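Comments concern the structure below.
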Amino acid sequence: MGDETVVLSLDHLIKRGLRFDYQRVEEEQRYLRGQLDVVKQMRQPPGRAHIFNIRHDLFLPDRPENRLLKSALMRVCRTTQQADTWRLSHELAGLLAEIPDSIDIQTTSAMAQCPSDAHYQPVRPWCELILGQHMHWRCMGKTHGISLLFRWKSC
């Protein structure tokens with residue numbers, strides 16, 4: 001029940017579209033793209049004059065919240081036992097393949113460092129629950145959380 005809700009929430013988010021950011025890339029290429037780094041180009045030896053030092057921006061989905069979403073989804077992929085959830089989670093994992101893995105999921109500040117975006121609000125509590133590997137109990141203050149109910153099978 002919980003895994004299915006997580007995957008469906010993420011599916012809805014992906015259909016609405018993930019947020020992307022521009023990232024600056026400085027590299028050497030055989031062609032001009034973006035802006036020429038004149039200072040590096042002038043310091044280059046004469047034998048490498050055909051290589052251009054360039055700077056340009058790439059529009060990538062590599063954002064902290066997308067990395068954490070992917071980490072949560074990969075954990076669901078590994079642990080789910082329902083066939084429909086397994087299929088959908090692996091399908092979504094294929095769509096998020098270009099996003100690198102998050103390296104800072106063990107700290108509680110990983111989710112706090114992500115900007116508060118209303119677009120990600122429906123899946124944020126699920127990510128905190130899955131990546132934190134703990135259940136939320138009663139809290140004081142302005143903490144908003146989710147709860148999961150499981151069927152209890154008596155022996």
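Letters A, B, ... go to the chains of the structure tokens in the order shown; residues in each chain start at 1; ligands are counted from 1 in the same order.
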Contacts of His50 of chain A at 10 Å or less, counting only C-alpha atoms, minus same-chain residues fewer than 3 places along, as number ranges by chain?
A: 29-31, 41, 44, 46-47, 53
Filtering to N, CA, C and O atoms, could you give me those residues as a compact mmCIF listing (two decimals), in the first residue's frame?
# COMPACT_ATOMS: atom_id res chain seq x y z
N GLN A 29 37.00 21.53 -26.32
CA GLN A 29 36.34 20.84 -27.43
C GLN A 29 37.01 21.24 -28.74
O GLN A 29 37.72 22.24 -28.81
N ARG A 30 36.72 20.51 -29.78
CA ARG A 30 37.24 20.81 -31.11
C ARG A 30 36.32 21.77 -31.87
O ARG A 30 36.57 22.08 -33.02
N TYR A 31 35.26 22.19 -31.23
CA TYR A 31 34.30 23.09 -31.86
C TYR A 31 33.92 24.17 -30.86
O TYR A 31 34.10 24.02 -29.65
N GLN A 41 42.61 30.12 -23.68
CA GLN A 41 42.93 29.89 -25.08
C GLN A 41 44.29 30.52 -25.43
O GLN A 41 45.08 29.94 -26.16
N GLN A 44 47.37 28.52 -24.24
CA GLN A 44 47.51 27.19 -24.81
C GLN A 44 48.74 27.12 -25.72
O GLN A 44 49.03 28.07 -26.44
N PRO A 46 51.06 26.31 -28.99
CA PRO A 46 50.69 26.43 -30.41
C PRO A 46 50.21 25.13 -31.04
O PRO A 46 49.38 25.15 -31.94
N GLY A 47 50.68 24.01 -30.56
CA GLY A 47 50.26 22.73 -31.12
C GLY A 47 48.83 22.35 -30.77
O GLY A 47 48.27 21.41 -31.35
N ASN A 53 38.94 26.22 -25.61
CA ASN A 53 38.51 26.25 -24.21
C ASN A 53 37.20 27.03 -24.17
O ASN A 53 37.18 28.23 -24.45
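Selecting strand (DSSP E or B) from the backbone DSSP output for segment 14-117 of chain A yields A:Asp21, A:Tyr22, A:Gln23, A:Arg24, A:Val25, A:Glu26, A:Glu27, A:Glu28, A:Gln29, A:Gln35, A:Leu36, A:Phe52, A:Asn53, A:Ile54, A:Arg55, A:His56, A:Asp57, A:Leu58, A:Phe59, A:Leu60.
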Give me the residues within 10 Å of Lys40 of chain A as a PyMOL selection string, counting only C-alpha atoms and dropping any in the same chain fewer than 6 places off.
-> chain A and resi 28+52-54
Would you mind exporting the chosen residues as a PDB file, in the first residue's frame, restricted to N, CA and C atoms?
ATOM      1  N   GLU A  28      37.231  21.557 -22.849  1.00  0.00           N
ATOM      2  CA  GLU A  28      37.962  21.710 -24.099  1.00  0.00           C
ATOM      3  C   GLU A  28      37.249  20.898 -25.169  1.00  0.00           C
ATOM      4  N   PHE A  52      39.520  24.254 -28.481  1.00  0.00           N
ATOM      5  CA  PHE A  52      38.954  25.470 -27.912  1.00  0.00           C
ATOM      6  C   PHE A  52      38.581  25.261 -26.446  1.00  0.00           C
ATOM      7  N   ASN A  53      38.942  26.223 -25.614  1.00  0.00           N
ATOM      8  CA  ASN A  53      38.509  26.249 -24.212  1.00  0.00           C
ATOM      9  C   ASN A  53      37.199  27.030 -24.170  1.00  0.00           C
ATOM     10  N   ILE A  54      36.140  26.347 -23.821  1.00  0.00           N
ATOM     11  CA  ILE A  54      34.816  26.973 -23.891  1.00  0.00           C
ATOM     12  C   ILE A  54      34.080  26.853 -22.566  1.00  0.00           C
TER      13      ILE A  54
END
Inset, instruction - Mind checking which residues fall within 10 Å of Asp62 of chain A, counting only C-alpha atoms, ignoring those fewer than 6 positions away in the same chain, and posting them as a PyMOL selection string? - result: chain A and resi 19-23+98-102
Exercise: Val7 of chain A partners within 9 Å, only C-alpha atoms, chain neighbours under 3 positions left out, as a PyMOL selection string: chain A and resi 2-4+10-12+73+76+85+88-89+92
List the spatial neighbours of Ala97 of chain A as a PyMOL selection string - criterion: any atom at most 12 Å away, only C-alpha atoms, same-chain residues fewer than 5 positions off excluded.
chain A and resi 61-62+66-67+69-71+73-74+90-92
Could you save the residues just selected, with N, CA and C atoms, as a PDB file, in the first residue's frame?
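Full text of part39.pdb as output:
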ATOM      1  N   PRO A  61      18.414  17.944 -15.402  1.00  0.00           N
ATOM      2  CA  PRO A  61      17.562  17.663 -14.246  1.00  0.00           C
ATOM      3  C   PRO A  61      18.353  17.353 -12.980  1.00  0.00           C
ATOM      4  N   ASP A  62      19.643  17.612 -12.986  1.00  0.00           N
ATOM      5  CA  ASP A  62      20.509  17.303 -11.850  1.00  0.00           C
ATOM      6  C   ASP A  62      20.319  18.362 -10.762  1.00  0.00           C
ATOM      7  N   ASN A  66      15.655  16.117  -7.204  1.00  0.00           N
ATOM      8  CA  ASN A  66      15.534  15.038  -8.177  1.00  0.00           C
ATOM      9  C   ASN A  66      16.449  13.868  -7.815  1.00  0.00           C
ATOM     10  N   ARG A  67      17.644  14.180  -7.288  1.00  0.00           N
ATOM     11  CA  ARG A  67      18.544  13.105  -6.856  1.00  0.00           C
ATOM     12  C   ARG A  67      17.944  12.327  -5.683  1.00  0.00           C
ATOM     13  N   LEU A  69      14.716  12.065  -5.012  1.00  0.00           N
ATOM     14  CA  LEU A  69      13.587  11.301  -5.556  1.00  0.00           C
ATOM     15  C   LEU A  69      14.075   9.998  -6.178  1.00  0.00           C
ATOM     16  N   LYS A  70      15.161  10.090  -6.935  1.00  0.00           N
ATOM     17  CA  LYS A  70      15.696   8.887  -7.560  1.00  0.00           C
ATOM     18  C   LYS A  70      16.172   7.888  -6.504  1.00  0.00           C
ATOM     19  N   SER A  71      16.808   8.380  -5.461  1.00  0.00           N
ATOM     20  CA  SER A  71      17.278   7.486  -4.397  1.00  0.00           C
ATOM     21  C   SER A  71      16.109   6.789  -3.708  1.00  0.00           C
ATOM     22  N   LEU A  73      13.153   6.239  -5.042  1.00  0.00           N
ATOM     23  CA  LEU A  73      12.572   5.309  -6.007  1.00  0.00           C
ATOM     24  C   LEU A  73      13.404   4.039  -6.113  1.00  0.00           C
ATOM     25  N   MET A  74      14.723   4.160  -6.106  1.00  0.00           N
ATOM     26  CA  MET A  74      15.575   2.971  -6.191  1.00  0.00           C
ATOM     27  C   MET A  74      15.399   2.076  -4.964  1.00  0.00           C
ATOM     28  N   HIS A  90      10.118   0.373 -11.815  1.00  0.00           N
ATOM     29  CA  HIS A  90      11.234   0.168 -12.733  1.00  0.00           C
ATOM     30  C   HIS A  90      11.070   0.988 -14.012  1.00  0.00           C
ATOM     31  N   GLU A  91       9.849   1.212 -14.425  1.00  0.00           N
ATOM     32  CA  GLU A  91       9.592   2.085 -15.575  1.00  0.00           C
ATOM     33  C   GLU A  91      10.014   3.524 -15.251  1.00  0.00           C
ATOM     34  N   LEU A  92       9.655   3.993 -14.058  1.00  0.00           N
ATOM     35  CA  LEU A  92      10.042   5.338 -13.637  1.00  0.00           C
ATOM     36  C   LEU A  92      11.551   5.444 -13.434  1.00  0.00           C
TER      37      LEU A  92
END
Students should find that atom CA of Thr79 of chain A and atom CA of Leu8 of chain A are spaced 15.9 Å
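Between atom CA of Leu68 of chain A and atom CA of Arg55 of chain A there is a distance of 28.1 Å.
Note that the spacing between atom CA of Val6 of chain A and atom CA of Trp126 of chain A amounts to 6.2 Å.
The closest residue to Arg124 of chain A, picked from A:Val39, A:Ala72, A:Leu60, A:Val25 and counting only C-alpha atoms, is A:Ala72.
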